[in-house]
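Below is one structure, written out as structure tokens, with a few remarks after it.
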Amino acid sequence: MKYETLKHEFVTHFPDQPESGVLYISIEYKSVSHLCCCGCGEEVVTPLSPADWQITYDGRSISLSPSIGSWTLRCRSHYVITRGRVREAGQWTDEQIVAGRRRDRLATERQHGTQTQLGETMPKAVQKPRSWFAKLVDWLFGR
Ligand SMILES: [Zn+2]
């Protein structure tokens with residue numbers, strides 16, 4: 001991990017040119033954004049909701065759960081942010097990614113009580129050009 005600690009900044013809008021090593025939190029838009037901690041420069045936007053990500057602010061630092069990564073990042077980094085510190089969480093296998101996506105979709109459907117398009121709650125990173133594996137997952141789950 002190139003960045004092992006993250007500062008945080010409460011903002012309304014995310015900056016056009018975010019800085020590495022900063023976690024931007026927008027309460028208004030219920031989401032958190034940061035540049036991937038491996039240093040690849042990919043922006044990771046994580047929506048906040050009971051079915052997505054949650055933050056804990058202890059007055060000094062931010063914790064974010066669940067972990068960041070897996071299918072949300074092309075570099076396949078996987079890490080946990082706890083009290084402003086970045087801890088590597090190991091690479092996910094393709095099977096875990098499939099299971100994770102399915103679990104997320106079920107959680108979202110439960111929360112909204114309707115069929116929800118996965119794309120609505122997924123971070124921006126997923127909406128970029130899709131890999132063969134993502135296409136396979138789409139095919140498997142009939143999207
Ligand atoms: Zn990365």
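Ordering of the structure tokens sets the chain letters (A, B, ...); residue numbers start at 1 within each chain; ligands are numbered from 1 in the order shown.
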Grab me every residue within 12 Å of ligand 1, counting only C-alpha atoms and all ligand atoms, and send it over as a ChimeraX atom specification.
/A:1-3,20,34-44,68-79,88,91,125
Those same residues - N, CA and C atoms - I'd like them written as a PDB file, in the first residue's frame.
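Output contents, as saved in result-v2.pdb:
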```
ATOM      1  N   MET A   1       0.848  -1.212   0.000  1.00  0.00           N
ATOM      2  CA  MET A   1       0.000   0.000   0.000  1.00  0.00           C
ATOM      3  C   MET A   1       0.877   1.253   0.000  1.00  0.00           C
ATOM      4  N   LYS A   2       0.648   2.104  -0.956  1.00  0.00           N
ATOM      5  CA  LYS A   2       1.436   3.333  -1.031  1.00  0.00           C
ATOM      6  C   LYS A   2       1.006   4.302   0.079  1.00  0.00           C
ATOM      7  N   TYR A   3      -0.289   4.364   0.327  1.00  0.00           N
ATOM      8  CA  TYR A   3      -0.788   5.276   1.364  1.00  0.00           C
ATOM      9  C   TYR A   3      -1.265   4.449   2.544  1.00  0.00           C
ATOM     10  N   SER A  20      -4.319  12.493  -3.225  1.00  0.00           N
ATOM     11  CA  SER A  20      -4.081  11.155  -2.690  1.00  0.00           C
ATOM     12  C   SER A  20      -3.957  11.245  -1.174  1.00  0.00           C
ATOM     13  N   HIS A  34     -12.212   8.675  -2.326  1.00  0.00           N
ATOM     14  CA  HIS A  34     -10.768   8.796  -2.133  1.00  0.00           C
ATOM     15  C   HIS A  34     -10.062   8.174  -3.327  1.00  0.00           C
ATOM     16  N   LEU A  35      -8.793   8.479  -3.477  1.00  0.00           N
ATOM     17  CA  LEU A  35      -8.014   7.842  -4.539  1.00  0.00           C
ATOM     18  C   LEU A  35      -7.451   6.550  -3.970  1.00  0.00           C
ATOM     19  N   CYS A  36      -7.536   5.503  -4.741  1.00  0.00           N
ATOM     20  CA  CYS A  36      -7.120   4.173  -4.292  1.00  0.00           C
ATOM     21  C   CYS A  36      -5.769   4.240  -3.574  1.00  0.00           C
ATOM     22  N   CYS A  37      -5.696   3.577  -2.434  1.00  0.00           N
ATOM     23  CA  CYS A  37      -4.503   3.666  -1.575  1.00  0.00           C
ATOM     24  C   CYS A  37      -3.288   2.934  -2.141  1.00  0.00           C
ATOM     25  N   CYS A  38      -3.453   2.181  -3.228  1.00  0.00           N
ATOM     26  CA  CYS A  38      -2.282   1.530  -3.812  1.00  0.00           C
ATOM     27  C   CYS A  38      -1.480   2.521  -4.636  1.00  0.00           C
ATOM     28  N   GLY A  39      -2.096   3.695  -4.905  1.00  0.00           N
ATOM     29  CA  GLY A  39      -1.379   4.700  -5.677  1.00  0.00           C
ATOM     30  C   GLY A  39      -1.691   4.650  -7.159  1.00  0.00           C
ATOM     31  N   CYS A  40      -2.646   3.808  -7.580  1.00  0.00           N
ATOM     32  CA  CYS A  40      -2.970   3.694  -9.007  1.00  0.00           C
ATOM     33  C   CYS A  40      -3.735   4.916  -9.505  1.00  0.00           C
ATOM     34  N   GLY A  41      -4.238   5.721  -8.579  1.00  0.00           N
ATOM     35  CA  GLY A  41      -4.890   6.973  -8.969  1.00  0.00           C
ATOM     36  C   GLY A  41      -6.361   6.835  -9.283  1.00  0.00           C
ATOM     37  N   GLU A  42      -6.899   5.645  -9.167  1.00  0.00           N
ATOM     38  CA  GLU A  42      -8.319   5.450  -9.454  1.00  0.00           C
ATOM     39  C   GLU A  42      -9.161   6.035  -8.318  1.00  0.00           C
ATOM     40  N   GLU A  43     -10.200   6.791  -8.698  1.00  0.00           N
ATOM     41  CA  GLU A  43     -11.078   7.373  -7.686  1.00  0.00           C
ATOM     42  C   GLU A  43     -12.085   6.318  -7.239  1.00  0.00           C
ATOM     43  N   VAL A  44     -12.209   6.174  -5.942  1.00  0.00           N
ATOM     44  CA  VAL A  44     -13.139   5.191  -5.394  1.00  0.00           C
ATOM     45  C   VAL A  44     -14.253   5.963  -4.684  1.00  0.00           C
ATOM     46  N   ILE A  68     -12.659  -1.871   1.271  1.00  0.00           N
ATOM     47  CA  ILE A  68     -12.634  -1.241  -0.042  1.00  0.00           C
ATOM     48  C   ILE A  68     -11.917  -2.186  -0.990  1.00  0.00           C
ATOM     49  N   GLY A  69     -12.458  -2.332  -2.173  1.00  0.00           N
ATOM     50  CA  GLY A  69     -11.702  -3.096  -3.161  1.00  0.00           C
ATOM     51  C   GLY A  69     -12.488  -4.144  -3.866  1.00  0.00           C
ATOM     52  N   SER A  70     -11.860  -5.273  -4.067  1.00  0.00           N
ATOM     53  CA  SER A  70     -12.414  -6.372  -4.850  1.00  0.00           C
ATOM     54  C   SER A  70     -12.888  -5.863  -6.194  1.00  0.00           C
ATOM     55  N   TRP A  71     -14.149  -6.029  -6.521  1.00  0.00           N
ATOM     56  CA  TRP A  71     -14.648  -5.686  -7.847  1.00  0.00           C
ATOM     57  C   TRP A  71     -14.737  -4.181  -8.075  1.00  0.00           C
ATOM     58  N   THR A  72     -14.579  -3.390  -7.044  1.00  0.00           N
ATOM     59  CA  THR A  72     -14.697  -1.951  -7.254  1.00  0.00           C
ATOM     60  C   THR A  72     -13.422  -1.362  -7.851  1.00  0.00           C
ATOM     61  N   LEU A  73     -12.332  -2.110  -7.840  1.00  0.00           N
ATOM     62  CA  LEU A  73     -11.061  -1.568  -8.302  1.00  0.00           C
ATOM     63  C   LEU A  73     -10.441  -2.454  -9.367  1.00  0.00           C
ATOM     64  N   ARG A  74      -9.976  -1.807 -10.450  1.00  0.00           N
ATOM     65  CA  ARG A  74      -9.317  -2.578 -11.496  1.00  0.00           C
ATOM     66  C   ARG A  74      -7.994  -3.160 -11.004  1.00  0.00           C
ATOM     67  N   CYS A  75      -7.312  -2.436 -10.093  1.00  0.00           N
ATOM     68  CA  CYS A  75      -6.021  -2.913  -9.600  1.00  0.00           C
ATOM     69  C   CYS A  75      -6.195  -4.068  -8.621  1.00  0.00           C
ATOM     70  N   ARG A  76      -7.446  -4.325  -8.231  1.00  0.00           N
ATOM     71  CA  ARG A  76      -7.770  -5.429  -7.330  1.00  0.00           C
ATOM     72  C   ARG A  76      -7.175  -5.278  -5.929  1.00  0.00           C
ATOM     73  N   SER A  77      -6.884  -4.052  -5.553  1.00  0.00           N
ATOM     74  CA  SER A  77      -6.468  -3.828  -4.167  1.00  0.00           C
ATOM     75  C   SER A  77      -7.646  -4.133  -3.267  1.00  0.00           C
ATOM     76  N   HIS A  78      -7.345  -4.495  -2.061  1.00  0.00           N
ATOM     77  CA  HIS A  78      -8.405  -4.801  -1.103  1.00  0.00           C
ATOM     78  C   HIS A  78      -7.891  -4.383   0.262  1.00  0.00           C
ATOM     79  N   TYR A  79      -8.548  -3.400   0.853  1.00  0.00           N
ATOM     80  CA  TYR A  79      -8.048  -2.908   2.130  1.00  0.00           C
ATOM     81  C   TYR A  79      -9.177  -2.397   3.015  1.00  0.00           C
ATOM     82  N   GLU A  88      -4.017  -3.633   4.593  1.00  0.00           N
ATOM     83  CA  GLU A  88      -4.231  -4.509   3.444  1.00  0.00           C
ATOM     84  C   GLU A  88      -5.049  -5.728   3.862  1.00  0.00           C
ATOM     85  N   GLN A  91      -5.935 -10.279  -1.465  1.00  0.00           N
ATOM     86  CA  GLN A  91      -6.665 -10.271  -2.725  1.00  0.00           C
ATOM     87  C   GLN A  91      -7.877 -11.178  -2.660  1.00  0.00           C
ATOM     88  N   ALA A 125     -16.215   3.446 -10.140  1.00  0.00           N
ATOM     89  CA  ALA A 125     -15.158   2.638 -10.750  1.00  0.00           C
ATOM     90  C   ALA A 125     -15.714   1.501 -11.601  1.00  0.00           C
TER      91      ALA A 125
END
```
What lies within 10 Å of A:Tyr57 using only C-alpha atoms, ignoring chain neighbours under 5 positions off, as a list of chain:residue names?
A:His8, A:Ile62, A:Ser63, A:Leu64, A:Arg83, A:Gly84
Selected residue, from A:Ile25, A:Val98, A:Val86, A:Val137, that lies nearest to A:Thr56 when counting only C-alpha atoms
A:Ile25
